[in-house]
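Below is the file start-v3.txt, which contains compact mmCIF, C-alpha atoms and all ligand atoms.
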```txt
# COMPACT_ATOMS: atom_id res chain seq x y z
CA MET A 828 -47.73 -45.18 50.49
CA LEU A 829 -44.19 -46.67 50.51
CA ILE A 830 -44.63 -47.87 46.91
CA ALA A 831 -45.75 -44.41 45.86
CA PHE A 832 -42.61 -42.92 47.53
CA TYR A 833 -40.25 -45.34 45.62
CA VAL A 834 -42.04 -44.57 42.32
CA LEU A 835 -41.50 -40.85 42.99
CA VAL A 836 -37.77 -41.34 43.81
CA ILE A 837 -37.16 -43.45 40.65
CA PHE A 838 -39.10 -40.97 38.51
CA SER A 839 -37.12 -38.00 39.88
CA LEU A 840 -33.83 -39.86 39.14
CA PHE A 841 -34.82 -39.98 35.47
CA ILE A 842 -35.91 -36.39 35.15
CA SER A 843 -33.30 -34.67 37.35
CA PRO A 844 -30.47 -34.46 34.77
CA GLU A 845 -32.83 -32.75 32.36
CA VAL A 846 -34.09 -30.36 35.01
CA SER A 847 -30.60 -29.49 36.22
CA SER A 848 -29.23 -28.95 32.73
CA LYS A 849 -32.14 -26.65 31.88
CA SER A 850 -31.70 -24.63 35.03
CA PHE A 851 -27.94 -24.44 34.31
CA LYS A 852 -28.67 -23.07 30.87
CA CYS A 853 -31.09 -20.52 32.28
CA ASN A 854 -28.58 -19.26 34.81
CA ALA A 855 -25.76 -19.06 32.29
CA GLU A 856 -25.18 -15.45 31.27
CA PRO A 857 -24.95 -15.00 27.50
CA SER A 858 -21.42 -14.06 26.58
CA LYS A 859 -21.06 -10.29 26.19
CA LYS A 860 -17.71 -10.55 24.45
CA ILE A 861 -17.68 -8.85 21.06
CA SER A 862 -16.42 -11.39 18.60
CA ILE A 863 -13.40 -10.11 16.75
CA SER A 864 -11.83 -12.30 14.14
CA PRO A 865 -8.07 -12.82 14.36
CA THR A 866 -6.12 -10.35 12.25
CA SER A 867 -3.81 -11.31 9.41
CA GLN A 868 -0.91 -10.38 11.69
CA GLU A 869 -2.09 -12.87 14.31
CA LYS A 870 -2.62 -15.61 11.72
CA LYS A 871 0.66 -14.75 9.92
CA GLU A 872 -1.17 -14.90 6.62
CA ILE A 873 -1.18 -12.50 3.72
CA THR A 874 -4.62 -11.51 2.51
CA ILE A 875 -5.42 -9.67 -0.71
CA ARG A 876 -8.94 -8.34 -1.12
CA ASN A 877 -10.44 -6.86 -4.26
CA ILE A 878 -12.82 -3.99 -3.55
CA THR A 879 -12.84 -2.63 -7.11
CA LYS A 880 -15.78 -3.36 -9.38
CA GLU A 881 -13.79 -5.60 -11.76
CA THR A 882 -11.77 -8.81 -11.60
CA VAL A 883 -8.08 -8.10 -11.01
CA HIS A 884 -5.32 -10.20 -12.65
CA TYR A 885 -1.94 -10.40 -10.97
CA THR A 886 1.09 -12.65 -10.64
CA PHE A 887 2.62 -13.71 -7.34
CA HIS A 888 6.04 -15.02 -6.51
CA GLU A 889 7.11 -16.24 -3.09
CA ALA A 890 10.21 -14.25 -2.11
CA ARG A 891 12.52 -17.25 -1.48
CA SER A 892 14.52 -19.63 -3.64
CA TYR A 893 12.33 -22.23 -5.32
CA GLY A 894 9.30 -20.31 -4.04
CA GLU A 895 5.92 -20.90 -5.65
CA SER A 896 4.71 -18.51 -8.32
CA GLY A 897 1.73 -18.16 -10.63
CA GLU A 898 -0.92 -16.03 -12.25
CA ARG A 899 -4.23 -15.47 -10.51
CA SER A 900 -7.52 -13.67 -11.03
CA LEU A 901 -9.26 -12.14 -8.06
CA ALA A 902 -12.97 -11.47 -8.54
CA LYS A 903 -14.72 -8.44 -7.04
CA ASP A 904 -15.20 -8.72 -3.23
CA GLU A 905 -13.10 -11.91 -3.05
CA ILE A 906 -10.07 -12.51 -0.85
CA HIS A 907 -6.94 -14.53 -1.67
CA ARG A 908 -5.02 -15.89 1.32
CA TYR A 909 -1.39 -16.97 1.48
CA SER A 910 -0.21 -18.76 4.59
CA GLY A 911 3.39 -19.47 5.54
CA ASP A 912 5.93 -17.05 6.88
CA VAL A 913 7.13 -15.81 3.50
CA ALA A 914 6.88 -12.45 1.70
CA LEU A 915 5.23 -12.26 -1.73
CA ASP A 916 6.13 -10.25 -4.81
CA ILE A 917 2.91 -9.14 -6.49
CA THR A 918 2.88 -7.74 -10.04
CA PHE A 919 -0.10 -6.19 -11.86
CA MET A 920 -0.90 -3.48 -14.42
CA HIS A 921 -1.35 0.06 -13.09
CA GLY A 922 -2.76 1.69 -16.24
CA ASP A 923 -0.04 1.05 -18.86
CA GLU A 924 2.64 0.60 -16.27
CA GLU A 925 3.66 -2.68 -14.62
CA MET A 926 3.73 -2.39 -10.83
CA SER A 927 5.48 -4.69 -8.43
CA TYR A 928 5.22 -4.73 -4.65
CA ARG A 929 6.80 -6.94 -2.04
CA ILE A 930 4.25 -7.62 0.70
CA ASP A 931 5.12 -8.97 4.12
CA PRO A 932 3.70 -12.02 5.86
CA GLY A 933 0.91 -11.07 8.24
CA SER A 934 -0.35 -8.13 6.17
CA ALA A 935 -3.86 -7.38 4.89
CA ASN A 936 -3.95 -5.73 1.47
CA SER A 937 -6.60 -4.53 -0.94
CA PHE A 938 -6.76 -3.74 -4.62
CA ARG A 939 -8.40 -0.33 -5.09
CA HIS A 940 -7.98 2.66 -7.37
CA ASP A 941 -5.66 5.53 -6.51
CA GLU A 942 -6.41 9.25 -6.83
CA ASN A 943 -5.66 9.02 -10.59
CA ASN A 944 -8.15 6.19 -10.92
CA LYS A 945 -5.42 3.62 -11.60
CA LEU A 946 -5.45 0.18 -10.03
CA ASP A 947 -3.19 -0.06 -7.00
CA LEU A 948 -2.49 -2.38 -4.09
CA PHE A 949 -2.90 -0.78 -0.68
CA GLN A 950 -1.79 -2.16 2.62
CA GLY A 951 -4.79 -2.28 4.92
CA SER A 952 -5.03 -0.89 8.40
CA HIS A 953 -6.76 -3.16 10.89
CA GLY A 954 -5.78 -6.47 9.28
CA ARG A 955 -9.18 -8.13 9.65
CA THR A 956 -10.74 -9.97 6.78
CA ASP A 957 -14.32 -10.14 8.09
CA VAL A 958 -14.77 -6.39 7.54
CA VAL A 959 -13.60 -4.14 4.75
CA ASP A 960 -10.46 -2.11 5.26
CA LEU A 961 -11.90 1.24 4.22
CA ALA A 962 -8.47 2.87 4.02
CA PRO A 963 -4.97 2.60 5.37
CA TYR A 964 -4.11 4.95 8.20
CA LEU A 965 -3.12 8.39 6.90
CA GLU A 966 -3.60 11.67 8.71
CA THR A 967 -5.50 14.66 7.40
CA PRO A 968 -3.13 17.65 7.78
CA ILE A 969 -4.29 20.04 10.51
CA SER A 970 -4.85 22.96 8.08
CA VAL A 971 -7.18 20.68 6.05
CA VAL A 972 -9.03 19.62 9.23
CA GLU A 973 -9.56 23.29 10.13
CA LYS A 974 -10.87 24.11 6.66
CA MET A 975 -13.26 21.13 6.73
CA LEU A 976 -14.72 22.24 10.08
CA GLU A 977 -15.06 25.84 8.87
CA MET A 978 -16.91 24.65 5.74
CA ALA A 979 -19.27 22.59 7.91
CA LYS A 980 -20.16 25.78 9.88
CA LEU A 981 -19.99 23.79 13.09
CA ASP A 982 -21.48 24.91 16.39
CA LYS A 983 -22.03 23.34 19.79
CA ASP A 984 -25.32 21.68 18.76
CA ASP A 985 -23.58 19.64 16.09
CA VAL A 986 -22.67 15.97 16.40
CA LEU A 987 -19.76 15.07 14.15
CA TYR A 988 -18.97 11.47 13.17
CA ASP A 989 -15.57 10.71 11.64
CA ILE A 990 -15.61 7.49 9.62
CA GLY A 991 -12.27 5.82 10.31
CA SER A 992 -11.12 8.35 12.89
CA GLY A 993 -7.38 7.53 13.00
CA ASP A 994 -5.77 9.42 15.89
CA GLY A 995 -9.04 11.29 16.54
CA ARG A 996 -7.82 14.66 15.26
CA ILE A 997 -11.02 15.73 13.42
CA VAL A 998 -13.39 14.85 16.26
CA ILE A 999 -11.06 16.43 18.83
CA ALA A 1000 -10.59 19.65 16.82
CA ALA A 1001 -14.38 19.98 16.39
CA ALA A 1002 -14.90 19.66 20.14
CA LYS A 1003 -12.05 21.97 21.08
CA LYS A 1004 -12.75 24.81 18.67
CA TYR A 1005 -16.56 24.65 18.33
CA GLY A 1006 -17.72 22.73 21.43
CA ALA A 1007 -19.37 20.15 19.13
CA ARG A 1008 -19.92 16.59 20.32
CA GLY A 1009 -18.16 13.95 18.29
CA VAL A 1010 -17.86 10.23 17.70
CA GLY A 1011 -14.88 8.57 16.06
CA LEU A 1012 -15.44 5.15 14.49
CA GLU A 1013 -12.22 3.20 14.17
CA LEU A 1014 -11.27 -0.47 13.99
CA ASP A 1015 -7.67 -0.23 15.05
CA PRO A 1016 -7.53 -0.61 18.86
CA GLN A 1017 -4.17 1.17 19.10
CA LEU A 1018 -5.58 4.21 17.31
CA ILE A 1019 -8.59 4.19 19.63
CA ARG A 1020 -6.27 4.28 22.66
CA LYS A 1021 -4.23 7.06 21.07
CA SER A 1022 -7.40 9.08 20.31
CA GLU A 1023 -8.61 8.74 23.90
CA ALA A 1024 -5.26 9.96 25.21
CA ASN A 1025 -5.28 12.86 22.71
CA ALA A 1026 -8.84 13.83 23.73
CA LYS A 1027 -7.80 13.88 27.37
CA ALA A 1028 -4.73 15.98 26.63
CA ALA A 1029 -6.95 18.44 24.72
CA GLY A 1030 -9.43 18.54 27.65
CA VAL A 1031 -12.41 17.41 25.52
CA GLU A 1032 -12.89 13.84 26.78
CA ASN A 1033 -16.44 14.70 27.91
CA LEU A 1034 -17.48 15.75 24.42
CA VAL A 1035 -16.02 12.93 22.35
CA LYS A 1036 -16.26 9.14 22.15
CA PHE A 1037 -14.22 6.66 20.15
CA ARG A 1038 -15.92 3.40 19.25
CA MET A 1039 -14.19 0.31 17.94
CA GLU A 1040 -16.78 -0.41 15.32
CA ASP A 1041 -17.03 -1.24 11.62
CA ALA A 1042 -18.16 2.08 10.14
CA THR A 1043 -20.02 0.37 7.29
CA LYS A 1044 -22.50 -1.01 9.84
CA ALA A 1045 -22.54 1.77 12.44
CA ASN A 1046 -25.61 3.71 13.49
CA LEU A 1047 -25.05 7.25 12.17
CA SER A 1048 -28.54 8.59 12.72
CA GLU A 1049 -27.61 11.25 15.32
CA ALA A 1050 -24.83 12.75 13.15
CA THR A 1051 -25.34 16.27 11.79
CA VAL A 1052 -21.88 16.25 10.17
CA VAL A 1053 -19.89 13.29 8.83
CA THR A 1054 -16.25 13.44 7.74
CA MET A 1055 -14.46 10.81 5.65
CA TYR A 1056 -10.88 10.48 4.50
CA LEU A 1057 -11.20 7.20 2.63
CA LEU A 1058 -10.67 6.01 -0.92
CA ILE A 1059 -12.94 6.12 -3.97
CA GLU A 1060 -14.29 2.58 -3.53
CA SER A 1061 -14.73 3.08 0.20
CA ASN A 1062 -16.79 6.24 -0.36
CA GLU A 1063 -18.83 4.15 -2.77
CA LEU A 1064 -19.32 1.47 -0.11
CA MET A 1065 -20.35 4.08 2.45
CA ARG A 1066 -22.77 5.96 0.14
CA PRO A 1067 -25.84 3.67 0.52
CA HIS A 1068 -25.23 3.50 4.26
CA LEU A 1069 -25.12 7.31 4.49
CA GLU A 1070 -28.30 7.54 2.40
CA ARG A 1071 -30.11 5.13 4.71
CA GLN A 1072 -28.85 6.51 7.98
CA LEU A 1073 -28.37 10.26 7.78
CA LYS A 1074 -30.99 12.90 8.49
CA LEU A 1075 -31.88 15.14 5.56
CA GLY A 1076 -29.73 18.25 5.77
CA ALA A 1077 -26.75 16.52 7.40
CA TYR A 1078 -23.40 17.61 5.97
CA VAL A 1079 -20.85 15.13 4.63
CA LEU A 1080 -17.28 16.29 4.00
CA THR A 1081 -14.76 14.14 2.20
CA HIS A 1082 -11.04 14.68 1.96
CA ASN A 1083 -9.40 14.13 -1.46
CA TYR A 1084 -12.00 11.72 -2.84
CA ALA A 1085 -15.45 12.63 -4.11
CA ILE A 1086 -18.59 10.55 -3.55
CA GLU A 1087 -19.67 9.19 -6.91
CA GLN A 1088 -23.36 9.72 -7.76
CA TRP A 1089 -23.69 12.54 -5.22
CA GLU A 1090 -22.92 15.29 -7.76
CA ASN A 1091 -26.39 16.78 -7.14
CA LYS A 1092 -25.65 17.00 -3.39
CA LEU A 1093 -22.34 18.85 -3.78
CA LEU A 1094 -22.47 22.29 -2.11
CA ASP A 1095 -18.85 23.36 -2.21
CA TYR A 1096 -15.39 22.26 -3.27
CA VAL A 1097 -12.10 23.68 -2.01
CA SER A 1098 -8.52 22.88 -2.94
CA LEU A 1099 -5.69 24.02 -0.70
CA LYS A 1100 -1.97 23.50 -0.24
CA ALA A 1101 -1.31 22.04 3.20
CA GLU A 1102 1.75 21.93 5.46
CA ASP A 1103 2.88 18.69 3.76
CA GLY A 1104 3.45 20.74 0.57
CA LYS A 1105 0.68 18.85 -1.29
CA GLU A 1106 -2.59 20.00 -2.78
CA HIS A 1107 -5.67 18.67 -0.91
CA SER A 1108 -9.30 18.67 -1.99
CA ILE A 1109 -12.36 18.99 0.24
CA TYR A 1110 -15.87 18.15 -0.99
CA LEU A 1111 -18.88 19.38 0.98
CA TYR A 1112 -22.19 17.56 0.43
CA ARG A 1113 -25.63 17.97 1.93
CA ARG A 1114 -27.75 14.84 2.43
C1 LIG A 1201 -7.09 7.58 5.96
S1 LIG A 1201 -7.34 7.18 7.65
C2 LIG A 1201 -8.17 8.64 8.18
C3 LIG A 1201 -7.88 9.03 9.62
C4 LIG A 1201 -8.57 10.32 10.10
N1 LIG A 1201 -9.97 10.33 9.78
C5 LIG A 1201 -7.94 11.53 9.49
O1 LIG A 1201 -8.54 12.07 8.55
O2 LIG A 1201 -6.83 11.92 9.93
C6 LIG A 1201 -8.64 5.95 7.57
C7 LIG A 1201 -8.90 5.20 8.86
O3 LIG A 1201 -10.01 4.32 8.66
C8 LIG A 1201 -9.86 3.20 9.53
N2 LIG A 1201 -10.73 2.12 9.03
C9 LIG A 1201 -10.51 1.30 7.97
N3 LIG A 1201 -11.56 0.48 7.80
C10 LIG A 1201 -12.47 0.78 8.75
C11 LIG A 1201 -13.79 0.28 9.06
N4 LIG A 1201 -14.36 -0.70 8.35
N5 LIG A 1201 -14.44 0.84 10.11
C12 LIG A 1201 -13.87 1.84 10.85
N6 LIG A 1201 -12.64 2.34 10.60
C13 LIG A 1201 -11.95 1.83 9.55
C14 LIG A 1201 -8.37 2.91 9.43
O4 LIG A 1201 -7.92 2.15 10.52
C15 LIG A 1201 -7.77 4.32 9.36
O5 LIG A 1201 -7.36 4.76 10.62
```

Please re-express this file's structure in structure tokens.
Ligand SMILES: C[S@@+](CC[C@H](N)C(=O)[O-])C[C@H]1O[C@@H](n2cnc3c(N)ncnc32)[C@H](O)[C@@H]1O
Amino acid sequence: MLIAFYVLVIFSLFISPEVSSKSFKCNAEPSKKISISPTSQEKKEITIRNITKETVHYTFHEARSYGESGERSLAKDEIHRYSGDVALDITFMHGDEEMSYRIDPGSANSFRHDENNKLDLFQGSHGRTDVVDLAPYLETPISVVEKMLEMAKLDKDDVLYDIGSGDGRIVIAAAKKYGARGVGLELDPQLIRKSEANAKAAGVENLVKFRMEDATKANLSEATVVTMYLLIESNELMRPHLERQLKLGAYVLTHNYAIEQWENKLLDYVSLKAEDGKEHSIYLYRR
């Protein structure tokens, strides 16, 4: 009996670490933290992404005496990184013209095409390199927002998604004027906070939500109307996602930039002069 007891004690000494570590693992709650990569600002690095369809050639020069310089080629979808707390002068061809920009340490930049289809370097918005910067932060003038909502023939049964919602103005205007529900997808946490405060001030916080989410991966299936103020390449990136996710009949409105290969879905096009004195285009598509 006594021998059997000692055998049991010795045996349990060998297995107990295993048992306790397993039970520890079982009790451990999986981390619910959303993983967000550090931004270029936090890492103090300059990043240059190429979201055009071709390789881009440029020269760089560190903006300090005896700084490094050179010529580089950046393939489609690739990122070049420059660490060190020093600004860079970047030169490239913009059509026939040579362009030069000084870019600051801690900034995320992308090569894209401008509204005249010429190569340009844009400063990004959220500064992350694990997700595409769809567009820098720029506001749609209020008169353009109003026209977009009128063209979408919104009513209270609509659910409007704004892709890259900035300060929330489109989603908030849709809720305030038409009683529509809305979701703003935005990666910049400061803009999310600003949108929430704006929604509260407009008294529509029960109708709208702002989600810090990469719009290229977001679930858009409940949307009846989608608005986008992005750039040509970003519309192109969003197109397959819209085709996969949206219900047939959903409206998509874009500000200033058309969606390539959706010519057969175009229902209307309007050009208007806004309060900023510039001409703005609105494209209305039906999925
Ligand atoms: C040109 S602004 C448009 C703001 C607003 N929709 C408007 O029309 O006034 C584009 C916005 O897209 C956001 N953005 C960029 N990349 C994004 C991404 N991958 N997912 C969600 N938002 C993004 C930027 O932070 C920026 O605020």

Per-axis box centre and lengths in Å around ligand LIG 1201 (chain A), 6 Å margin per side, axis-aligned, as JSON:
```
{"center_x": -10.6, "center_y": 5.7, "center_z": 8.4, "size_x": 19.6, "size_y": 24.8, "size_z": 16.9}
```

Name the residues, by chain letter and number, that sit within 9 Å of ligand LIG 1201 (chain A) using only C-alpha atoms and all ligand atoms, and give them as a PyMOL selection string. chain A and resi 951-954+958-969+972+989-998+1011-1016+1018+1038-1045+1054-1058+1061+1082

Taking C-alpha atoms for each residue, export the selection above as a compact mmCIF listing (two decimals), keeping the file's coordinate frame.
```
# COMPACT_ATOMS: atom_id res chain seq x y z
CA GLY A 951 -4.79 -2.28 4.92
CA SER A 952 -5.03 -0.89 8.40
CA HIS A 953 -6.76 -3.16 10.89
CA GLY A 954 -5.78 -6.47 9.28
CA VAL A 958 -14.77 -6.39 7.54
CA VAL A 959 -13.60 -4.14 4.75
CA ASP A 960 -10.46 -2.11 5.26
CA LEU A 961 -11.90 1.24 4.22
CA ALA A 962 -8.47 2.87 4.02
CA PRO A 963 -4.97 2.60 5.37
CA TYR A 964 -4.11 4.95 8.20
CA LEU A 965 -3.12 8.39 6.90
CA GLU A 966 -3.60 11.67 8.71
CA THR A 967 -5.50 14.66 7.40
CA PRO A 968 -3.13 17.65 7.78
CA ILE A 969 -4.29 20.04 10.51
CA VAL A 972 -9.03 19.62 9.23
CA ASP A 989 -15.57 10.71 11.64
CA ILE A 990 -15.61 7.49 9.62
CA GLY A 991 -12.27 5.82 10.31
CA SER A 992 -11.12 8.35 12.89
CA GLY A 993 -7.38 7.53 13.00
CA ASP A 994 -5.77 9.42 15.89
CA GLY A 995 -9.04 11.29 16.54
CA ARG A 996 -7.82 14.66 15.26
CA ILE A 997 -11.02 15.73 13.42
CA VAL A 998 -13.39 14.85 16.26
CA GLY A 1011 -14.88 8.57 16.06
CA LEU A 1012 -15.44 5.15 14.49
CA GLU A 1013 -12.22 3.20 14.17
CA LEU A 1014 -11.27 -0.47 13.99
CA ASP A 1015 -7.67 -0.23 15.05
CA PRO A 1016 -7.53 -0.61 18.86
CA LEU A 1018 -5.58 4.21 17.31
CA ARG A 1038 -15.92 3.40 19.25
CA MET A 1039 -14.19 0.31 17.94
CA GLU A 1040 -16.78 -0.41 15.32
CA ASP A 1041 -17.03 -1.24 11.62
CA ALA A 1042 -18.16 2.08 10.14
CA THR A 1043 -20.02 0.37 7.29
CA LYS A 1044 -22.50 -1.01 9.84
CA ALA A 1045 -22.54 1.77 12.44
CA THR A 1054 -16.25 13.44 7.74
CA MET A 1055 -14.46 10.81 5.65
CA TYR A 1056 -10.88 10.48 4.50
CA LEU A 1057 -11.20 7.20 2.63
CA LEU A 1058 -10.67 6.01 -0.92
CA SER A 1061 -14.73 3.08 0.20
CA HIS A 1082 -11.04 14.68 1.96
```

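For the pair CA of Ala1077 (chain A) and CA of Arg1114 (chain A), the separation is 5.3 Å.
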
Mind checking which residues fall within 10 Å of Leu1047 (chain A), counting only C-alpha atoms, ignoring those fewer than 3 positions away in the same chain, and posting them as a PyMOL selection string? chain A and resi 986-988+990+1010+1042-1044+1050-1053+1068-1069+1071-1074

Can you pull out every residue within 6 Å of Pro932 (chain A), counting all atoms listed in the file, but drop anything in the same chain fewer than 4 positions away, and send it as a PyMOL selection string? chain A and resi 871-873+912-914

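Comparing A:Leu948, A:Arg955, A:Lys1092, A:Ala1002 by their smallest distance to Leu976 (chain A), the closest is A:Ala1002 (using only C-alpha atoms).
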
Pick from A:Phe938, A:Tyr1078, A:Tyr909, A:Tyr1096, whichever lies nearest to Tyr885 (chain A) using all atoms listed in the file: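 Nearest candidate to Tyr885 (chain A) out of A:Phe938, A:Tyr1078, A:Tyr909, A:Tyr1096: A:Phe938.
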
Within 10 Å of (-15.0, 27.6, 18.3), in the coordinates the file gives, what residues turn up when you count all atoms listed in the file, written out as a ChimeraX atom specification? /A:976-977,981-983,1000-1007

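Note that the spacing between CA of His884 (chain A) and CA of Asn1062 (chain A) amounts to 23.5 Å.
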
So, with all atoms listed in the file as the atoms that count, which of A:Lys974, A:Lys1027, A:Arg1008, A:Lys980 lies closest to Leu1099 (chain A)?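 Looking only at the distances to Leu1099 (chain A), the closest residue turns out to be A:Lys974.
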
Please compute the CA of Ser900 (chain A)-CA of Met1065 (chain A) distance, one decimal, in Å.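 Value for the CA of Ser900 (chain A)-CA of Met1065 (chain A) distance: 25.7 Å.
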
Neighbour list for Val1097 (chain A) as a PyMOL selection string, cut-off 9 Å, only C-alpha atoms, skip fewer than 6 positions in-chain: chain A and resi 974+1107-1111

C-alpha atoms of the current selection, written as a tab-separated table (two decimals), keeping the file's coordinate frame:
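This is the output file result.tsv:
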```
chain	number	residue	atom	x	y	z
A	974	LYS	CA	-10.87	24.11	6.66
A	1107	HIS	CA	-5.67	18.67	-0.91
A	1108	SER	CA	-9.30	18.67	-1.99
A	1109	ILE	CA	-12.36	18.99	0.24
A	1110	TYR	CA	-15.87	18.15	-0.99
A	1111	LEU	CA	-18.88	19.38	0.98
```

Between A:Lys1100, A:Lys903, A:Arg1113, A:His921, which residue has the minimum interatomic distance to Lys880 (chain A), considering only C-alpha atoms?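 The closest residue to Lys880 (chain A) is A:Lys903.
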
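Residues in contact with Ile878 (chain A) at up to 8 Å, not including ones fewer than 3 positions away on its chain and judged by only C-alpha atoms, are A:Lys903, A:Asp904, A:Glu905, A:Ser937, A:Phe938, A:Arg939, A:Glu1060.
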
Save region 1043-1090 of chain A from what I just supplied, as a CSV table (one decimal), in the first residue's frame, atoms limited to C-alpha atoms.
```
chain,number,residue,atom,x,y,z
A,1043,THR,CA,-9.8,47.3,-48.7
A,1044,LYS,CA,-10.7,44.4,-46.4
A,1045,ALA,CA,-13.9,45.7,-44.8
A,1046,ASN,CA,-17.3,43.9,-45.0
A,1047,LEU,CA,-19.5,46.2,-47.1
A,1048,SER,CA,-22.3,43.7,-47.7
A,1049,GLU,CA,-25.0,45.8,-45.9
A,1050,ALA,CA,-24.2,49.0,-47.8
A,1051,THR,CA,-26.9,50.3,-50.2
A,1052,VAL,CA,-24.7,53.3,-51.1
A,1053,VAL,CA,-20.9,53.7,-51.1
A,1054,THR,CA,-19.1,57.0,-51.5
A,1055,MET,CA,-15.4,57.3,-52.3
A,1056,TYR,CA,-13.1,60.3,-52.6
A,1057,LEU,CA,-9.9,58.5,-53.4
A,1058,LEU,CA,-7.4,58.4,-56.3
A,1059,ILE,CA,-7.4,56.6,-59.6
A,1060,GLU,CA,-5.3,53.7,-58.4
A,1061,SER,CA,-7.2,53.4,-55.1
A,1062,ASN,CA,-10.5,53.2,-57.0
A,1063,GLU,CA,-8.9,50.4,-59.0
A,1064,LEU,CA,-7.8,48.7,-55.8
A,1065,MET,CA,-11.3,49.0,-54.4
A,1066,ARG,CA,-13.1,47.8,-57.6
A,1067,PRO,CA,-12.8,44.0,-57.1
A,1068,HIS,CA,-13.7,44.4,-53.5
A,1069,LEU,CA,-16.8,46.3,-54.4
A,1070,GLU,CA,-17.7,43.7,-57.0
A,1071,ARG,CA,-17.4,40.9,-54.5
A,1072,GLN,CA,-19.1,42.6,-51.6
A,1073,LEU,CA,-21.9,44.8,-52.8
A,1074,LYS,CA,-25.5,43.8,-53.4
A,1075,LEU,CA,-26.7,44.2,-57.0
A,1076,GLY,CA,-28.3,47.6,-57.3
A,1077,ALA,CA,-26.2,49.3,-54.7
A,1078,TYR,CA,-25.1,52.8,-55.7
A,1079,VAL,CA,-21.4,53.8,-55.7
A,1080,LEU,CA,-20.5,57.5,-56.0
A,1081,THR,CA,-17.0,58.7,-56.6
A,1082,HIS,CA,-15.7,62.3,-56.2
A,1083,ASN,CA,-13.3,63.5,-59.0
A,1084,TYR,CA,-12.0,60.1,-60.0
A,1085,ALA,CA,-13.9,57.5,-62.2
A,1086,ILE,CA,-13.8,53.8,-61.6
A,1087,GLU,CA,-11.9,52.3,-64.6
A,1088,GLN,CA,-13.7,49.3,-66.2
A,1089,TRP,CA,-17.1,50.3,-64.7
A,1090,GLU,CA,-18.1,52.4,-67.8
```
